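Source file input.txt; content: compact mmCIF, N, CA and C atoms.
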# COMPACT_ATOMS: atom_id res chain seq x y z
N MET T 561 -14.73 31.11 101.56
CA MET T 561 -15.92 30.45 102.07
C MET T 561 -16.85 31.53 102.63
N ASP T 562 -18.13 31.34 102.47
CA ASP T 562 -19.15 32.30 102.90
C ASP T 562 -19.33 32.24 104.41
N THR T 563 -18.90 33.29 105.10
CA THR T 563 -18.97 33.30 106.56
C THR T 563 -20.40 33.33 107.08
N LEU T 564 -21.30 34.00 106.37
CA LEU T 564 -22.70 34.01 106.81
C LEU T 564 -23.30 32.61 106.75
N LEU T 565 -22.97 31.86 105.71
CA LEU T 565 -23.44 30.48 105.62
C LEU T 565 -22.81 29.64 106.74
N SER T 566 -21.55 29.91 107.04
CA SER T 566 -20.89 29.19 108.13
C SER T 566 -21.59 29.46 109.46
N LEU T 567 -22.02 30.70 109.68
CA LEU T 567 -22.77 31.03 110.89
C LEU T 567 -24.11 30.31 110.92
N ARG T 568 -24.77 30.24 109.78
CA ARG T 568 -26.05 29.54 109.70
C ARG T 568 -25.87 28.05 109.99
N VAL T 569 -24.79 27.46 109.45
CA VAL T 569 -24.49 26.05 109.71
C VAL T 569 -24.23 25.85 111.20
N PHE T 570 -23.43 26.72 111.80
CA PHE T 570 -23.14 26.61 113.23
C PHE T 570 -24.42 26.65 114.07
N CYS T 571 -25.28 27.62 113.81
CA CYS T 571 -26.52 27.74 114.58
C CYS T 571 -27.42 26.53 114.39
N THR T 572 -27.50 26.02 113.17
CA THR T 572 -28.35 24.86 112.91
C THR T 572 -27.79 23.61 113.57
N VAL T 573 -26.49 23.41 113.52
CA VAL T 573 -25.87 22.27 114.20
C VAL T 573 -26.08 22.38 115.70
N ALA T 574 -25.92 23.57 116.25
CA ALA T 574 -26.11 23.77 117.69
C ALA T 574 -27.55 23.48 118.11
N GLU T 575 -28.50 23.89 117.30
CA GLU T 575 -29.91 23.66 117.62
C GLU T 575 -30.29 22.18 117.50
N LEU T 576 -29.85 21.55 116.42
CA LEU T 576 -30.24 20.16 116.14
C LEU T 576 -29.31 19.14 116.79
N LYS T 577 -28.12 19.59 117.22
CA LYS T 577 -27.11 18.72 117.82
C LYS T 577 -26.71 17.56 116.90
N SER T 578 -26.66 17.88 115.59
CA SER T 578 -26.31 16.86 114.61
C SER T 578 -25.83 17.53 113.33
N PHE T 579 -24.66 17.11 112.85
CA PHE T 579 -24.17 17.62 111.57
C PHE T 579 -25.04 17.12 110.43
N THR T 580 -25.43 15.86 110.49
CA THR T 580 -26.22 15.28 109.40
C THR T 580 -27.58 15.95 109.29
N ALA T 581 -28.27 16.13 110.39
CA ALA T 581 -29.58 16.78 110.38
C ALA T 581 -29.47 18.23 109.92
N ALA T 582 -28.44 18.92 110.38
CA ALA T 582 -28.24 20.32 109.97
C ALA T 582 -27.93 20.41 108.48
N ALA T 583 -27.08 19.53 108.01
CA ALA T 583 -26.73 19.53 106.59
C ALA T 583 -27.96 19.26 105.73
N THR T 584 -28.77 18.30 106.13
CA THR T 584 -29.98 17.98 105.39
C THR T 584 -30.91 19.19 105.35
N ARG T 585 -31.10 19.84 106.48
CA ARG T 585 -31.98 21.00 106.54
C ARG T 585 -31.49 22.14 105.65
N LEU T 586 -30.16 22.29 105.56
CA LEU T 586 -29.58 23.39 104.79
C LEU T 586 -29.25 23.02 103.35
N GLY T 587 -29.49 21.76 102.98
CA GLY T 587 -29.20 21.33 101.62
C GLY T 587 -27.73 21.17 101.33
N LEU T 588 -26.96 20.78 102.33
CA LEU T 588 -25.52 20.58 102.19
C LEU T 588 -25.19 19.13 102.50
N SER T 589 -23.99 18.72 102.15
CA SER T 589 -23.51 17.41 102.58
C SER T 589 -22.96 17.56 104.00
N PRO T 590 -22.95 16.49 104.78
CA PRO T 590 -22.36 16.58 106.12
C PRO T 590 -20.89 17.01 106.09
N ALA T 591 -20.17 16.58 105.06
CA ALA T 591 -18.76 16.99 104.94
C ALA T 591 -18.64 18.49 104.73
N MET T 592 -19.53 19.07 103.93
CA MET T 592 -19.48 20.52 103.70
C MET T 592 -19.88 21.28 104.96
N ALA T 593 -20.84 20.76 105.70
CA ALA T 593 -21.21 21.39 106.98
C ALA T 593 -20.01 21.39 107.92
N SER T 594 -19.29 20.29 107.97
CA SER T 594 -18.10 20.20 108.81
C SER T 594 -17.04 21.20 108.37
N LYS T 595 -16.87 21.39 107.07
CA LYS T 595 -15.90 22.36 106.55
C LYS T 595 -16.29 23.78 106.94
N HIS T 596 -17.58 24.07 106.91
CA HIS T 596 -18.04 25.40 107.32
C HIS T 596 -17.73 25.64 108.80
N LEU T 597 -17.93 24.62 109.63
CA LEU T 597 -17.61 24.78 111.05
C LEU T 597 -16.11 24.96 111.26
N ALA T 598 -15.31 24.22 110.53
CA ALA T 598 -13.86 24.36 110.64
C ALA T 598 -13.42 25.77 110.21
N HIS T 599 -14.06 26.29 109.16
CA HIS T 599 -13.77 27.64 108.68
C HIS T 599 -14.08 28.67 109.77
N LEU T 600 -15.26 28.55 110.38
CA LEU T 600 -15.68 29.49 111.41
C LEU T 600 -14.77 29.39 112.64
N GLU T 601 -14.46 28.18 113.07
CA GLU T 601 -13.57 28.00 114.21
C GLU T 601 -12.18 28.54 113.91
N GLY T 602 -11.72 28.38 112.68
CA GLY T 602 -10.43 28.93 112.29
C GLY T 602 -10.40 30.45 112.33
N ARG T 603 -11.49 31.06 111.85
CA ARG T 603 -11.57 32.53 111.88
C ARG T 603 -11.60 33.06 113.31
N LEU T 604 -12.29 32.36 114.18
CA LEU T 604 -12.42 32.80 115.57
C LEU T 604 -11.24 32.39 116.44
N GLY T 605 -10.52 31.37 115.99
CA GLY T 605 -9.36 30.89 116.75
C GLY T 605 -9.74 30.12 118.00
N THR T 606 -10.92 29.52 118.01
CA THR T 606 -11.37 28.74 119.16
C THR T 606 -12.31 27.63 118.71
N ARG T 607 -12.46 26.67 119.57
CA ARG T 607 -13.36 25.54 119.27
C ARG T 607 -14.76 25.87 119.77
N LEU T 608 -15.75 25.69 118.92
CA LEU T 608 -17.13 26.01 119.26
C LEU T 608 -17.95 24.78 119.64
N LEU T 609 -17.58 23.62 119.10
CA LEU T 609 -18.34 22.40 119.33
C LEU T 609 -17.45 21.27 119.79
N ASN T 610 -17.96 20.47 120.70
CA ASN T 610 -17.33 19.20 121.06
C ASN T 610 -17.98 18.14 120.18
N ARG T 611 -17.16 17.39 119.46
CA ARG T 611 -17.68 16.38 118.55
C ARG T 611 -17.21 15.00 118.97
N THR T 612 -18.14 14.07 119.02
CA THR T 612 -17.79 12.67 119.17
C THR T 612 -18.49 11.93 118.04
N SER T 613 -18.26 10.65 117.94
CA SER T 613 -18.90 9.89 116.87
C SER T 613 -20.41 9.80 117.07
N ARG T 614 -20.89 10.05 118.29
CA ARG T 614 -22.32 9.92 118.56
C ARG T 614 -23.03 11.21 118.95
N SER T 615 -22.28 12.25 119.28
CA SER T 615 -22.97 13.47 119.73
C SER T 615 -22.18 14.72 119.39
N VAL T 616 -22.90 15.82 119.43
CA VAL T 616 -22.32 17.15 119.24
C VAL T 616 -22.85 18.02 120.37
N SER T 617 -21.96 18.75 121.02
CA SER T 617 -22.39 19.66 122.08
C SER T 617 -21.57 20.94 121.98
N LEU T 618 -22.12 22.01 122.51
CA LEU T 618 -21.44 23.30 122.50
C LEU T 618 -20.36 23.34 123.58
N THR T 619 -19.25 23.95 123.25
CA THR T 619 -18.26 24.26 124.27
C THR T 619 -18.78 25.47 125.05
N GLU T 620 -18.11 25.85 126.11
CA GLU T 620 -18.53 27.03 126.86
C GLU T 620 -18.48 28.28 125.97
N VAL T 621 -17.39 28.41 125.22
CA VAL T 621 -17.26 29.53 124.29
C VAL T 621 -18.32 29.44 123.19
N GLY T 622 -18.57 28.22 122.72
CA GLY T 622 -19.58 28.01 121.69
C GLY T 622 -20.97 28.42 122.15
N ALA T 623 -21.30 28.15 123.41
CA ALA T 623 -22.61 28.53 123.95
C ALA T 623 -22.74 30.05 124.01
N LEU T 624 -21.69 30.73 124.45
CA LEU T 624 -21.72 32.19 124.48
C LEU T 624 -21.85 32.77 123.08
N TYR T 625 -21.09 32.23 122.15
CA TYR T 625 -21.12 32.71 120.77
C TYR T 625 -22.49 32.44 120.14
N PHE T 626 -23.06 31.28 120.39
CA PHE T 626 -24.37 30.93 119.87
C PHE T 626 -25.42 31.93 120.34
N ASN T 627 -25.38 32.30 121.61
CA ASN T 627 -26.35 33.28 122.13
C ASN T 627 -26.17 34.66 121.48
N GLN T 628 -24.95 35.00 121.11
CA GLN T 628 -24.70 36.29 120.46
C GLN T 628 -25.15 36.31 119.00
N VAL T 629 -24.89 35.25 118.27
CA VAL T 629 -25.19 35.26 116.84
C VAL T 629 -26.62 34.83 116.51
N ARG T 630 -27.26 34.17 117.43
CA ARG T 630 -28.64 33.73 117.19
C ARG T 630 -29.52 34.93 117.19

Serialized structure, structure tokens:
Amino acid sequence: MDTLLSLRVFCTVAELKSFTAAATRLGLSPAMASKHLAHLEGRLGTRLLNRTSRSVSLTEVGALYFNQVR
């Protein structure tokens, strides 16, 4: 999986606070956006986003990482 695209997906989800909106902006399906986030979290060994059925928010580690990669 393309790690640079995974980083782009992460930043877009963090900015828009929505997998669906981020996927639409990047021309991906929401499921593929979710797979990219899982790939990135797996590589880093930590959770970057808190996900519920209605919202997405950055974890503390996710906020630090977002500031570094943005």

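In terms of minimum interatomic distance to Leu586 of chain T, T:Thr572 ranks closest within T:Thr563, T:Thr572, T:Ser613, T:Thr606, counting only N, CA and C atoms.
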
Next on the checklist: Report as a PyMOL selection string all protein, DNA and RNA residues lying within 8 Å of segment 576-579 of chain T, evaluated on only C-alpha atoms, omitting residues in the same chain fewer than 6 positions from it.
Outcome noted: chain T and resi 590+593-594+615-617

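When atom C of Ala591 of chain T is paired with atom C of Val569 of chain T, their separation reads 11.3 Å.
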
Next on the checklist: Show me, as a list in words, the residues that have an atom within 12 Å of Ala598 of chain T when counting only C-alpha atoms, minus same-chain residues fewer than 2 positions from it.
Outcome noted: Met561, Thr563, Ser566, Leu567, Val569, Phe570, Ala591, Met592, Ala593, Ser594, Lys595, His596, Leu600, Glu601, Gly602, Arg603, Leu604, Gly605, Thr606, Arg607, Leu608, Leu609 and Arg611 of chain T

Checklist entry - At what distance in Å, to one decimal, does atom CA of Leu618 of chain T lie from atom N of Arg585 of chain T? => result 19.0 Å

Checklist entry - Could you write out, as number ranges by chain, all the residues of chain T that DSSP marks as alpha helix (DSSP H)? => result T: 563-576, 579-586, 590-604, 620-629

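Atom C of Val629 of chain T to atom CA of Ser589 of chain T spans 22.5 Å [interatomic distance, one decimal].
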
Can you tell me, as JSON, the centre and edge lengths (Å, one decimal) of the axis-aligned box enclosing all of segment 581-589 of chain T's listed atoms after padding each side by 3 Å?
{"center_x": -27.5, "center_y": 19.8, "center_z": 105.9, "size_x": 15.0, "size_y": 13.3, "size_z": 15.1}
